[in-house]
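A.B. asks: Input file: protein_20.pdb. Contents: PDB, C-alpha atoms.
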```
ATOM      1  CA  MET A 574     125.012 109.827  91.219
ATOM      2  CA  ARG A 575     121.908 111.336  92.813
ATOM      3  CA  PRO A 576     118.931 108.928  93.008
ATOM      4  CA  LEU A 577     116.627 108.777  90.004
ATOM      5  CA  LEU A 578     118.410 111.185  87.704
ATOM      6  CA  TRP A 579     117.427 108.569  85.119
ATOM      7  CA  LEU A 580     113.781 109.614  85.387
ATOM      8  CA  ALA A 581     114.230 111.817  82.343
ATOM      9  CA  ALA A 582     115.024 108.837  80.171
ATOM     10  CA  GLY A 583     112.361 106.605  81.696
ATOM     11  CA  CYS A 584     114.944 104.008  82.719
ATOM     12  CA  VAL A 585     113.921 101.663  85.527
ATOM     13  CA  GLY A 586     116.933  99.392  85.856
ATOM     14  CA  VAL A 587     118.892 101.545  88.308
ATOM     15  CA  CYS A 588     116.189 101.009  90.908
ATOM     16  CA  LEU A 589     117.328  97.442  91.300
ATOM     17  CA  SER A 590     120.634  98.677  92.743
ATOM     18  CA  VAL A 591     118.795  99.747  95.895
ATOM     19  CA  GLY A 592     116.777  96.572  96.120
ATOM     20  CA  CYS A 593     113.443  97.564  94.573
ATOM     21  CA  ALA A 594     111.712  94.483  93.301
ATOM     22  CA  SER A 595     108.403  95.681  91.909
ATOM     23  CA  ILE A 596     109.710  96.698  88.486
ATOM     24  CA  ALA A 597     111.172  93.218  88.076
ATOM     25  CA  ALA A 598     107.858  91.589  89.029
ATOM     26  CA  THR A 599     105.602  89.966  86.490
ATOM     27  CA  ALA A 600     101.871  90.180  86.055
ATOM     28  CA  ALA A 601     101.649  86.539  87.086
ATOM     29  CA  THR A 602     103.389  87.048  90.447
ATOM     30  CA  ALA A 603     102.313  90.584  91.381
ATOM     31  CA  PRO A 604      99.259  91.344  93.534
ATOM     32  CA  PRO A 605      96.212  92.679  91.696
ATOM     33  CA  ALA A 606      96.131  96.348  90.755
ATOM     34  CA  THR A 607      94.386  98.805  93.086
ATOM     35  CA  ASP A 608      91.562 100.536  91.256
ATOM     36  CA  THR A 609      90.511 104.027  92.330
ATOM     37  CA  LYS A 610      87.126 105.704  91.875
ATOM     38  CA  PRO A 611      87.675 109.065  90.123
ATOM     39  CA  PRO A 612      87.239 112.354  91.990
ATOM     40  CA  VAL A 613      84.170 114.517  91.445
ATOM     41  CA  GLY A 614      83.845 117.281  88.877
ATOM     42  CA  PHE A 615      86.758 116.765  86.487
ATOM     43  CA  GLU A 616      86.429 117.747  82.825
ATOM     44  CA  LYS A 617      88.453 114.921  81.331
ATOM     45  CA  ALA A 618      91.015 112.248  82.196
ATOM     46  CA  VAL A 619      94.400 112.030  80.479
ATOM     47  CA  VAL A 620      96.375 108.782  80.321
ATOM     48  CA  LEU A 621     100.016 109.693  80.927
ATOM     49  CA  TRP A 622     101.478 106.870  78.823
ATOM     50  CA  PRO A 623      98.972 105.846  76.113
ATOM     51  CA  LYS A 624     101.234 102.946  75.097
ATOM     52  CA  GLY A 625     101.731 101.752  78.663
ATOM     53  CA  ALA A 626     103.676 103.092  81.643
ATOM     54  CA  PRO A 627     107.272 101.958  82.309
ATOM     55  CA  GLY A 628     107.153  98.674  84.188
ATOM     56  CA  ALA A 629     103.367  98.302  83.783
ATOM     57  CA  LEU A 630     102.139  94.855  84.782
ATOM     58  CA  GLY A 631      98.774  95.031  83.069
ATOM     59  CA  THR A 632      96.163  97.312  81.561
ATOM     60  CA  SER A 633      93.536  97.563  84.291
ATOM     61  CA  ASP A 634      92.698 100.905  85.884
ATOM     62  CA  GLY A 635      95.349 100.613  88.588
ATOM     63  CA  ASP A 636      98.043  99.902  85.981
ATOM     64  CA  VAL A 637      97.327 103.133  84.093
ATOM     65  CA  PRO A 638      98.515 106.382  85.721
ATOM     66  CA  LYS A 639      96.388 109.336  84.704
ATOM     67  CA  LEU A 640      95.546 112.982  85.328
ATOM     68  CA  PHE A 641      92.041 114.238  86.026
ATOM     69  CA  VAL A 642      91.803 117.743  84.568
ATOM     70  CA  TYR A 643      90.054 120.698  86.237
ATOM     71  CA  PRO A 644      90.451 123.777  83.981
ATOM     72  CA  ALA A 645      90.258 127.193  85.603
ATOM     73  CA  ILE A 646      87.463 129.455  84.393
ATOM     74  CA  GLY A 647      88.308 132.619  82.508
ATOM     75  CA  THR A 648      90.963 133.874  80.157
ATOM     76  CA  GLY A 649      94.317 132.163  80.569
ATOM     77  CA  PRO A 650      96.986 131.177  80.747
ATOM     78  CA  HIS A 651      96.605 130.162  84.384
ATOM     79  CA  PRO A 652      98.998 128.830  87.011
ATOM     80  CA  ALA A 653      98.606 125.078  87.480
ATOM     81  CA  VAL A 654      98.785 122.646  90.391
ATOM     82  CA  ILE A 655      98.968 118.854  90.247
ATOM     83  CA  VAL A 656      97.328 117.405  93.361
ATOM     84  CA  MET A 657      98.729 114.129  94.709
ATOM     85  CA  PRO A 658      96.385 112.322  97.126
ATOM     86  CA  GLY A 659      97.626 110.320 100.085
ATOM     87  CA  GLY A 660      96.886 106.786 101.193
ATOM     88  CA  GLY A 661     100.145 105.205 102.305
ATOM     89  CA  TYR A 662     101.045 104.288  98.698
ATOM     90  CA  LEU A 663      98.360 101.587  99.047
ATOM     91  CA  HIS A 664      95.198 103.508  98.130
ATOM     92  CA  LEU A 665      94.274 107.074  97.167
ATOM     93  CA  ALA A 666      92.056 109.467  99.145
ATOM     94  CA  ILE A 667      91.375 110.970  95.744
ATOM     95  CA  GLU A 668      88.303 113.056  96.627
ATOM     96  CA  LYS A 669      89.252 114.359 100.098
ATOM     97  CA  GLU A 670      92.869 114.953  99.078
ATOM     98  CA  GLY A 671      92.336 115.577  95.384
ATOM     99  CA  GLY A 672      88.968 116.640  94.056
ATOM    100  CA  GLU A 673      88.190 119.041  96.904
ATOM    101  CA  GLU A 674      91.507 120.802  96.460
ATOM    102  CA  ALA A 675      91.158 120.928  92.676
ATOM    103  CA  ARG A 676      87.809 122.700  92.942
ATOM    104  CA  TRP A 677      89.235 125.140  95.502
ATOM    105  CA  LEU A 678      92.129 125.908  93.180
ATOM    106  CA  ASN A 679      89.710 126.483  90.293
ATOM    107  CA  ALA A 680      87.791 128.970  92.432
ATOM    108  CA  HIS A 681      91.054 130.889  92.822
ATOM    109  CA  GLY A 682      91.946 130.973  89.122
ATOM    110  CA  VAL A 683      94.301 127.986  89.120
ATOM    111  CA  THR A 684      93.985 125.069  86.705
ATOM    112  CA  ALA A 685      94.211 121.827  88.657
ATOM    113  CA  PHE A 686      95.053 118.218  87.916
ATOM    114  CA  VAL A 687      94.542 115.248  90.227
ATOM    115  CA  LEU A 688      97.099 112.486  89.776
ATOM    116  CA  GLU A 689      96.156 108.828  89.989
ATOM    117  CA  TYR A 690      99.538 107.175  90.456
ATOM    118  CA  ARG A 691     100.383 103.488  90.739
ATOM    119  CA  LEU A 692     100.174 101.838  94.142
ATOM    120  CA  GLY A 693     101.540  99.023  96.235
ATOM    121  CA  PRO A 694     101.626  96.195  96.831
ATOM    122  CA  ARG A 695     101.577  95.709  93.043
ATOM    123  CA  TYR A 696     103.911  98.652  92.369
ATOM    124  CA  HIS A 697     106.717  99.949  94.530
ATOM    125  CA  PHE A 698     109.483 102.530  94.174
ATOM    126  CA  PRO A 699     110.101 104.049  91.669
ATOM    127  CA  SER A 700     106.742 103.667  89.897
ATOM    128  CA  PRO A 701     104.922 106.493  91.754
ATOM    129  CA  MET A 702     107.927 108.762  91.176
ATOM    130  CA  LEU A 703     107.899 107.977  87.454
ATOM    131  CA  ASP A 704     104.183 108.774  87.352
ATOM    132  CA  GLY A 705     104.616 112.070  89.217
ATOM    133  CA  ALA A 706     107.530 113.184  87.058
ATOM    134  CA  ARG A 707     105.578 112.291  83.921
ATOM    135  CA  ALA A 708     102.625 114.361  85.164
ATOM    136  CA  VAL A 709     104.794 117.478  85.481
ATOM    137  CA  ARG A 710     106.336 116.910  82.063
ATOM    138  CA  TYR A 711     102.912 116.319  80.512
ATOM    139  CA  VAL A 712     101.432 119.551  81.855
ATOM    140  CA  ARG A 713     104.514 121.573  80.908
ATOM    141  CA  SER A 714     104.766 120.117  77.394
ATOM    142  CA  HIS A 715     101.016 120.687  76.799
ATOM    143  CA  ALA A 716     100.899 124.075  78.538
ATOM    144  CA  GLU A 717      99.540 125.987  75.559
ATOM    145  CA  GLU A 718      96.641 123.663  74.808
ATOM    146  CA  LEU A 719      95.847 123.334  78.532
ATOM    147  CA  GLY A 720      95.894 127.106  78.979
ATOM    148  CA  VAL A 721      98.509 127.047  81.748
ATOM    149  CA  GLU A 722     101.767 128.899  82.355
ATOM    150  CA  LYS A 723     104.629 126.471  81.873
ATOM    151  CA  ASP A 724     106.773 128.215  84.490
ATOM    152  CA  LYS A 725     104.034 128.215  87.148
ATOM    153  CA  ILE A 726     103.365 124.512  87.638
ATOM    154  CA  GLY A 727     103.211 123.298  91.235
ATOM    155  CA  LEU A 728     102.506 120.145  93.207
ATOM    156  CA  TRP A 729     100.237 119.701  96.219
ATOM    157  CA  GLY A 730     100.616 116.425  98.066
ATOM    158  CA  PHE A 731      99.058 114.883 101.145
ATOM    159  CA  SER A 732     100.619 112.215 103.383
ATOM    160  CA  ALA A 733     102.152 109.715 100.933
ATOM    161  CA  GLY A 734     101.333 112.219  98.200
ATOM    162  CA  GLY A 735     103.144 114.830 100.288
ATOM    163  CA  HIS A 736     106.196 112.598 100.367
ATOM    164  CA  LEU A 737     105.905 112.154  96.606
ATOM    165  CA  ALA A 738     105.588 115.911  96.025
ATOM    166  CA  GLY A 739     108.579 116.589  98.283
ATOM    167  CA  TYR A 740     110.621 113.955  96.491
ATOM    168  CA  LEU A 741     109.839 115.424  93.069
ATOM    169  CA  ALA A 742     110.628 118.913  94.350
ATOM    170  CA  ALA A 743     114.114 117.643  95.217
ATOM    171  CA  VAL A 744     114.834 115.067  92.493
ATOM    172  CA  ASN A 745     114.228 116.358  88.984
ATOM    173  CA  ASP A 746     115.994 117.300  85.767
ATOM    174  CA  ALA A 747     115.784 119.512  82.711
ATOM    175  CA  GLY A 748     114.568 116.790  80.345
ATOM    176  CA  LYS A 749     116.382 114.965  77.592
ATOM    177  CA  SER A 750     116.767 116.911  74.367
ATOM    178  CA  GLY A 751     116.171 114.749  71.343
ATOM    179  CA  ALA A 752     114.124 112.167  73.238
ATOM    180  CA  PRO A 753     111.733 110.274  70.915
ATOM    181  CA  ASP A 754     108.788 111.281  73.111
ATOM    182  CA  PRO A 755     108.427 115.098  73.104
ATOM    183  CA  ILE A 756     107.094 114.965  76.672
ATOM    184  CA  ASP A 757     110.479 113.648  77.848
ATOM    185  CA  ARG A 758     112.241 116.695  76.397
ATOM    186  CA  VAL A 759     110.915 119.125  79.014
ATOM    187  CA  SER A 760     111.769 119.524  82.690
ATOM    188  CA  ASP A 761     109.956 117.633  85.439
ATOM    189  CA  ARG A 762     110.995 120.197  88.077
ATOM    190  CA  PRO A 763     107.907 121.707  89.713
ATOM    191  CA  ASP A 764     108.054 125.462  90.205
ATOM    192  CA  PHE A 765     106.768 125.023  93.771
ATOM    193  CA  ALA A 766     105.425 122.331  96.066
ATOM    194  CA  ILE A 767     102.806 122.272  98.815
ATOM    195  CA  VAL A 768     103.262 119.363 101.211
ATOM    196  CA  SER A 769     100.707 118.407 103.833
ATOM    197  CA  TYR A 770     101.601 115.999 106.660
ATOM    198  CA  GLY A 771     104.151 114.079 104.559
ATOM    199  CA  ARG A 772     106.967 111.735 105.586
ATOM    200  CA  PHE A 773     110.304 113.297 104.647
ATOM    201  CA  THR A 774     112.858 111.444 106.737
ATOM    202  CA  MET A 775     113.506 107.858 107.750
ATOM    203  CA  ASP A 776     115.625 108.937 110.722
ATOM    204  CA  THR A 777     115.286 106.198 113.344
ATOM    205  CA  THR A 778     115.234 108.773 116.155
ATOM    206  CA  ILE A 779     111.898 110.139 114.895
ATOM    207  CA  PRO A 780     108.935 107.966 115.935
ATOM    208  CA  ARG A 781     107.153 106.261 113.049
ATOM    209  CA  LYS A 782     104.649 103.459 112.636
ATOM    210  CA  THR A 783     105.837 102.101 109.288
ATOM    211  CA  ASN A 784     108.848 101.903 107.002
ATOM    212  CA  MET A 785     106.741 103.039 104.036
ATOM    213  CA  GLU A 786     106.054  99.444 103.049
ATOM    214  CA  GLY A 787     103.466 100.601 100.514
ATOM    215  CA  LEU A 788     106.299 102.199  98.565
ATOM    216  CA  LEU A 789     109.256  99.992  99.491
ATOM    217  CA  GLY A 790     107.801  96.547 100.180
ATOM    218  CA  ASP A 791     107.714  94.563 103.397
ATOM    219  CA  HIS A 792     111.446  94.412 104.054
ATOM    220  CA  PRO A 793     113.107  97.628 102.898
ATOM    221  CA  THR A 794     116.852  97.880 103.320
ATOM    222  CA  ALA A 795     118.623 100.901 104.753
ATOM    223  CA  ALA A 796     119.730 101.834 101.226
ATOM    224  CA  MET A 797     116.142 101.730  99.992
ATOM    225  CA  MET A 798     114.969 103.978 102.821
ATOM    226  CA  ASP A 799     117.819 106.409 102.189
ATOM    227  CA  ALA A 800     116.806 106.572  98.519
ATOM    228  CA  VAL A 801     113.393 107.989  99.445
ATOM    229  CA  SER A 802     114.412 110.066 102.485
ATOM    230  CA  VAL A 803     113.630 113.503 101.065
ATOM    231  CA  VAL A 804     115.722 115.474 103.559
ATOM    232  CA  LYS A 805     118.831 113.727 102.207
ATOM    233  CA  LEU A 806     117.949 114.678  98.631
ATOM    234  CA  VAL A 807     117.441 118.423  99.058
ATOM    235  CA  THR A 808     119.768 120.700  97.063
ATOM    236  CA  LYS A 809     119.789 124.381  96.201
ATOM    237  CA  ASN A 810     117.765 123.424  93.099
ATOM    238  CA  THR A 811     114.869 122.050  95.151
ATOM    239  CA  ALA A 812     111.602 123.844  94.433
ATOM    240  CA  PRO A 813     110.200 126.313  97.006
ATOM    241  CA  CYS A 814     107.907 124.586  99.482
ATOM    242  CA  PHE A 815     104.904 125.345 101.698
ATOM    243  CA  ILE A 816     104.825 122.829 104.564
ATOM    244  CA  PHE A 817     101.768 122.040 106.691
ATOM    245  CA  SER A 818     101.585 119.666 109.661
ATOM    246  CA  THR A 819     100.061 119.214 113.117
ATOM    247  CA  THR A 820     101.667 118.335 116.420
ATOM    248  CA  ALA A 821      98.820 115.952 117.233
ATOM    249  CA  ASP A 822      99.421 113.821 114.120
ATOM    250  CA  GLN A 823     100.090 110.301 115.418
ATOM    251  CA  THR A 824     100.702 108.796 111.982
ATOM    252  CA  VAL A 825     103.376 111.099 110.548
ATOM    253  CA  ASN A 826     105.307 112.891 113.286
ATOM    254  CA  SER A 827     105.528 116.651 112.741
ATOM    255  CA  LEU A 828     109.292 116.386 113.186
ATOM    256  CA  ASN A 829     109.227 115.358 109.521
ATOM    257  CA  ALA A 830     108.003 118.852 108.690
ATOM    258  CA  THR A 831     110.670 120.589 110.755
ATOM    259  CA  GLU A 832     113.433 118.347 109.386
ATOM    260  CA  PHE A 833     112.332 119.132 105.841
ATOM    261  CA  TYR A 834     112.150 122.846 106.572
ATOM    262  CA  ASP A 835     115.638 122.777 108.105
ATOM    263  CA  ALA A 836     117.041 120.957 105.063
ATOM    264  CA  LEU A 837     115.490 123.530 102.735
ATOM    265  CA  LYS A 838     116.739 126.407 104.860
ATOM    266  CA  ARG A 839     120.300 125.040 104.873
ATOM    267  CA  ALA A 840     120.184 124.692 101.086
ATOM    268  CA  GLY A 841     118.958 128.266 100.653
ATOM    269  CA  VAL A 842     115.545 127.201  99.305
ATOM    270  CA  SER A 843     112.521 129.394  99.932
ATOM    271  CA  ALA A 844     110.129 127.710 102.373
ATOM    272  CA  GLU A 845     107.197 128.458 104.657
ATOM    273  CA  LEU A 846     106.259 126.187 107.565
ATOM    274  CA  HIS A 847     103.004 125.941 109.547
ATOM    275  CA  ILE A 848     102.547 123.426 112.357
ATOM    276  CA  PHE A 849      99.275 123.554 114.284
ATOM    277  CA  GLU A 850      98.909 122.077 117.751
ATOM    278  CA  ARG A 851      95.675 120.185 117.176
ATOM    279  CA  GLY A 852      94.519 118.031 114.267
ATOM    280  CA  GLN A 853      94.933 114.341 113.547
ATOM    281  CA  HIS A 854      96.440 112.854 110.409
ATOM    282  CA  GLY A 855      94.528 113.286 107.168
ATOM    283  CA  VAL A 856      92.699 116.587 107.694
ATOM    284  CA  GLY A 857      92.657 117.439 103.992
ATOM    285  CA  MET A 858      91.559 121.046 103.507
ATOM    286  CA  ALA A 859      90.892 121.186 107.265
ATOM    287  CA  GLN A 860      87.494 122.834 107.027
ATOM    288  CA  GLY A 861      84.863 122.348 109.740
ATOM    289  CA  MET A 862      87.147 120.249 111.937
ATOM    290  CA  LYS A 863      85.305 119.487 115.172
ATOM    291  CA  GLY A 864      87.493 120.481 118.087
ATOM    292  CA  SER A 865      90.089 122.134 115.838
ATOM    293  CA  PRO A 866      88.417 125.199 114.282
ATOM    294  CA  GLU A 867      91.765 126.998 114.017
ATOM    295  CA  LEU A 868      92.809 124.671 111.180
ATOM    296  CA  ALA A 869      90.272 126.338 108.893
ATOM    297  CA  ILE A 870      92.791 129.142 108.283
ATOM    298  CA  TYR A 871      95.095 126.737 106.416
ATOM    299  CA  PRO A 872      93.783 127.434 102.865
ATOM    300  CA  THR A 873      94.008 131.184 103.520
ATOM    301  CA  LEU A 874      97.640 130.874 104.575
ATOM    302  CA  LEU A 875      98.326 128.821 101.462
ATOM    303  CA  ALA A 876      96.562 131.311  99.197
ATOM    304  CA  ASN A 877      98.581 134.164 100.712
ATOM    305  CA  TRP A 878     101.820 132.280 100.002
ATOM    306  CA  MET A 879     100.836 131.464  96.430
ATOM    307  CA  GLU A 880      99.713 135.051  95.774
ATOM    308  CA  MET A 881     102.976 136.402  97.196
ATOM    309  CA  HIS A 882     104.956 134.357  94.655
ATOM    310  CA  GLY A 883     102.613 134.989  91.705
ATOM    311  CA  TRP A 884     101.274 131.429  91.586
ATOM    312  CA  MET A 885      97.709 132.577  92.312
ATOM    313  CA  ALA A 886      96.052 135.830  91.299
ATOM    314  CA  GLN A 887      95.198 138.167  94.150
ATOM    315  CA  ASP A 888      91.496 138.567  94.861
TER
END
```
Using structure tokens, write down the structure from this file.
C.D. replies:
Amino acid sequence: MRPLLWLAAGCVGVCLSVGCASIAATAATAPPATDTKPPVGFEKAVVLWPKGAPGALGTSDGDVPKLFVYPAIGTGPHPAVIVMPGGGYLHLAIEKEGGEEARWLNAHGVTAFVLEYRLGPRYHFPSPMLDGARAVRYVRSHAEELGVEKDKIGLWGFSAGGHLAGYLAAVNDAGKSGAPDPIDRVSDRPDFAIVSYGRFTMDTTIPRKTNMEGLLGDHPTAAMMDAVSVVKLVTKNTAPCFIFSTTADQTVNSLNATEFYDALKRAGVSAELHIFERGQHGVGMAQGMKGSPELAIYPTLLANWMEMHGWMAQD
């Protein structure tokens, strides 16, 4: 069975088979929740599970996954993108890798959402994946009232958020017909994914500084790492991807980008890859980068790709 096919039903028990302990934790033993200051300029915030998220250990801000909504201006329906900030699954760079991108998308006729997903060390795998899948289902199931096109819903993730977006591009399902919650009846497959400097492989031959402890805990097993190694999860059903990285990134080696591209190519999935020579980890939209002015072209390249596929209106 492919990992996390049970996301459609909201089941969390299978995670224990690969050694994930956070879902089995209790509020009394878990670290405190990580609260995140909202991004700038959103219209409203939507709680993804009003009655509590699966495996929630409390009700504080960090226990409550939510979407910050940035509606596009003008007559819809519009394409939509859910932005997933990075932060090592321990915090969220929610303005630099969330709000800024949402406002840029709005300026290009795309309705945007910024996802606040649950974080370690209080929450580990699969909680962020559950939150991301729920976000896609929420937007798709509420497409009409949100003024978005239900078959033009993408993800845009950075660093840990890039890993999360890549994971959800590969591991998804059509929904569960007859589910009590109407949101669970629709697909969580994104129509496309944009991934910026994300970790996609746990291959020991590729240099890395961490074993994704923010997602997997301090002592992840080989099985746990395999379960989140995106390159091993790619199939022909994986969503088309735009991949951005830099050779100079010392935090997430750009070999992750090439390995992901190769996996997509082998599976026959549409993909576009851009790796710049300069630029450290965490460049965000890459505007005004001192010493790396060439990175400023990144949003233009992305816009061209989205326009080519009909996910952004041409200027």
A.B. asks: Please evaluate the PyMOL selection byres ((chain A and resi 781) around 8) against the structure above and give the resulting residues as a PDB file with C-alpha atoms, in the frame of the given file.
C.D. replies:
```pdb
ATOM      1  CA  ILE A 779     111.898 110.139 114.895  1.00  0.00           C
ATOM      2  CA  PRO A 780     108.935 107.966 115.935  1.00  0.00           C
ATOM      3  CA  LYS A 782     104.649 103.459 112.636  1.00  0.00           C
ATOM      4  CA  THR A 783     105.837 102.101 109.288  1.00  0.00           C
ATOM      5  CA  ASN A 784     108.848 101.903 107.002  1.00  0.00           C
ATOM      6  CA  THR A 824     100.702 108.796 111.982  1.00  0.00           C
ATOM      7  CA  VAL A 825     103.376 111.099 110.548  1.00  0.00           C
ATOM      8  CA  ASN A 826     105.307 112.891 113.286  1.00  0.00           C
TER       9      ASN A 826
END
```
A.B. asks: For the atom pair CA of Gly861 (chain A) and CA of Thr873 (chain A), what is the interatomic distance in Å to one decimal place?
C.D. replies: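 Taking CA of Gly861 (chain A) as the start and CA of Thr873 (chain A) as the end point, the length is 14.2 Å.
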A.B. asks: Go through A:Leu703, A:Leu789, A:Leu737, A:Ala680 one by one, measure the shortest atom-to-atom distance of each to Trp622 (chain A) using all atoms listed in the file, and give the residue with the smallest value.
C.D. replies: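 Among A:Leu703, A:Leu789, A:Leu737, A:Ala680, it is A:Leu703 that comes nearest to Trp622 (chain A).
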A.B. asks: Hey, what comes out of the PyMOL selection byres ((chain A and resi 879) around 12) on this file? Could you write it as a VMD selection string?
C.D. replies: chain A and resid 652 to 654 678 681 to 683 725 to 729 764 to 767 813 to 815 844 to 845 872 to 878 880 to 888
A.B. asks: Record the distance separating CA of Asp704 (chain A) and CA of Leu640 (chain A), expressed in Å with one decimal.
C.D. replies: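 Pair CA of Asp704 (chain A) / CA of Leu640 (chain A) returns 9.8 Å.
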A.B. asks: Neighbourhood query: residues within 9 Å of (103.1, 100.5, 83.3), file coordinates, counting all atoms listed in the file; return as a VMD selection string.
C.D. replies: chain A and resid 622 624 to 632 636 to 638 691 700
A.B. asks: For the residues selected in the previous step, produce a file with C-alpha atoms as a PDB file, in the frame of the given file.
C.D. replies:
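New file selection_9.pdb:
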```
ATOM      1  CA  TRP A 622     101.478 106.870  78.823  1.00  0.00           C
ATOM      2  CA  LYS A 624     101.234 102.946  75.097  1.00  0.00           C
ATOM      3  CA  GLY A 625     101.731 101.752  78.663  1.00  0.00           C
ATOM      4  CA  ALA A 626     103.676 103.092  81.643  1.00  0.00           C
ATOM      5  CA  PRO A 627     107.272 101.958  82.309  1.00  0.00           C
ATOM      6  CA  GLY A 628     107.153  98.674  84.188  1.00  0.00           C
ATOM      7  CA  ALA A 629     103.367  98.302  83.783  1.00  0.00           C
ATOM      8  CA  LEU A 630     102.139  94.855  84.782  1.00  0.00           C
ATOM      9  CA  GLY A 631      98.774  95.031  83.069  1.00  0.00           C
ATOM     10  CA  THR A 632      96.163  97.312  81.561  1.00  0.00           C
ATOM     11  CA  ASP A 636      98.043  99.902  85.981  1.00  0.00           C
ATOM     12  CA  VAL A 637      97.327 103.133  84.093  1.00  0.00           C
ATOM     13  CA  PRO A 638      98.515 106.382  85.721  1.00  0.00           C
ATOM     14  CA  ARG A 691     100.383 103.488  90.739  1.00  0.00           C
ATOM     15  CA  SER A 700     106.742 103.667  89.897  1.00  0.00           C
TER      16      SER A 700
END
```
A.B. asks: Pick out the residues sitting within 6 Å of Pro650 (chain A), and hand them over as a list in words; count all atoms listed in the file, and ignore anything fewer than 4 positions along from it in its own chain.
C.D. replies: Gly720, Val721 and Glu722 of chain A
A.B. asks: Complete region 877-882 of chain A with all heavy atoms (output as a PDB file, keeping the file's coordinate frame).
C.D. replies:
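Contents of rebuild13.pdb, freshly written:
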```pdb
ATOM      1  N   ASN A 877      97.702 133.006 100.521  1.00  0.00           N
ATOM      2  CA  ASN A 877      98.581 134.164 100.712  1.00  0.00           C
ATOM      3  C   ASN A 877      99.983 133.867 100.177  1.00  0.00           C
ATOM      4  O   ASN A 877     100.611 134.722  99.537  1.00  0.00           O
ATOM      5  CB  ASN A 877      98.658 134.533 102.193  1.00  0.00           C
ATOM      6  CG  ASN A 877      97.367 135.120 102.723  1.00  0.00           C
ATOM      7  OD1 ASN A 877      96.504 135.551 101.966  1.00  0.00           O
ATOM      8  ND2 ASN A 877      97.220 135.125 104.036  1.00  0.00           N
ATOM      9  N   TRP A 878     100.480 132.669 100.453  1.00  0.00           N
ATOM     10  CA  TRP A 878     101.820 132.280 100.002  1.00  0.00           C
ATOM     11  C   TRP A 878     101.873 132.197  98.475  1.00  0.00           C
ATOM     12  O   TRP A 878     102.810 132.694  97.847  1.00  0.00           O
ATOM     13  CB  TRP A 878     102.189 130.940 100.631  1.00  0.00           C
ATOM     14  CG  TRP A 878     103.538 130.406 100.273  1.00  0.00           C
ATOM     15  CD1 TRP A 878     104.749 130.842 100.741  1.00  0.00           C
ATOM     16  CD2 TRP A 878     103.824 129.316  99.391  1.00  0.00           C
ATOM     17  NE1 TRP A 878     105.771 130.092 100.201  1.00  0.00           N
ATOM     18  CE2 TRP A 878     105.233 129.144  99.375  1.00  0.00           C
ATOM     19  CE3 TRP A 878     103.044 128.455  98.626  1.00  0.00           C
ATOM     20  CZ2 TRP A 878     105.864 128.154  98.611  1.00  0.00           C
ATOM     21  CZ3 TRP A 878     103.656 127.474  97.871  1.00  0.00           C
ATOM     22  CH2 TRP A 878     105.055 127.324  97.861  1.00  0.00           C
ATOM     23  N   MET A 879     100.857 131.589  97.894  1.00  0.00           N
ATOM     24  CA  MET A 879     100.836 131.464  96.430  1.00  0.00           C
ATOM     25  C   MET A 879     100.708 132.835  95.769  1.00  0.00           C
ATOM     26  O   MET A 879     101.369 133.122  94.759  1.00  0.00           O
ATOM     27  CB  MET A 879      99.696 130.537  96.003  1.00  0.00           C
ATOM     28  CG  MET A 879      99.909 129.087  96.417  1.00  0.00           C
ATOM     29  SD  MET A 879      98.547 127.990  95.922  1.00  0.00           S
ATOM     30  CE  MET A 879      98.750 127.985  94.133  1.00  0.00           C
ATOM     31  N   GLU A 880      99.867 133.712  96.329  1.00  0.00           N
ATOM     32  CA  GLU A 880      99.713 135.051  95.774  1.00  0.00           C
ATOM     33  C   GLU A 880     101.016 135.827  95.871  1.00  0.00           C
ATOM     34  O   GLU A 880     101.398 136.548  94.938  1.00  0.00           O
ATOM     35  CB  GLU A 880      98.603 135.788  96.516  1.00  0.00           C
ATOM     36  CG  GLU A 880      97.218 135.245  96.225  1.00  0.00           C
ATOM     37  CD  GLU A 880      96.146 135.881  97.120  1.00  0.00           C
ATOM     38  OE1 GLU A 880      96.491 136.817  97.887  1.00  0.00           O
ATOM     39  OE2 GLU A 880      94.980 135.450  97.044  1.00  0.00           O
ATOM     40  N   MET A 881     101.717 135.690  96.985  1.00  0.00           N
ATOM     41  CA  MET A 881     102.976 136.402  97.196  1.00  0.00           C
ATOM     42  C   MET A 881     103.980 136.072  96.101  1.00  0.00           C
ATOM     43  O   MET A 881     104.756 136.930  95.649  1.00  0.00           O
ATOM     44  CB  MET A 881     103.543 136.037  98.574  1.00  0.00           C
ATOM     45  CG  MET A 881     104.917 136.633  98.881  1.00  0.00           C
ATOM     46  SD  MET A 881     105.479 136.216 100.554  1.00  0.00           S
ATOM     47  CE  MET A 881     105.717 134.432 100.415  1.00  0.00           C
ATOM     48  N   HIS A 882     103.987 134.812  95.656  1.00  0.00           N
ATOM     49  CA  HIS A 882     104.956 134.357  94.655  1.00  0.00           C
ATOM     50  C   HIS A 882     104.423 134.454  93.216  1.00  0.00           C
ATOM     51  O   HIS A 882     105.147 134.114  92.273  1.00  0.00           O
ATOM     52  CB  HIS A 882     105.369 132.921  94.946  1.00  0.00           C
ATOM     53  CG  HIS A 882     106.254 132.776  96.152  1.00  0.00           C
ATOM     54  ND1 HIS A 882     107.598 133.086  96.118  1.00  0.00           N
ATOM     55  CD2 HIS A 882     105.980 132.372  97.415  1.00  0.00           C
ATOM     56  CE1 HIS A 882     108.137 132.863  97.315  1.00  0.00           C
ATOM     57  NE2 HIS A 882     107.169 132.436  98.115  1.00  0.00           N
TER      58      HIS A 882
END
```
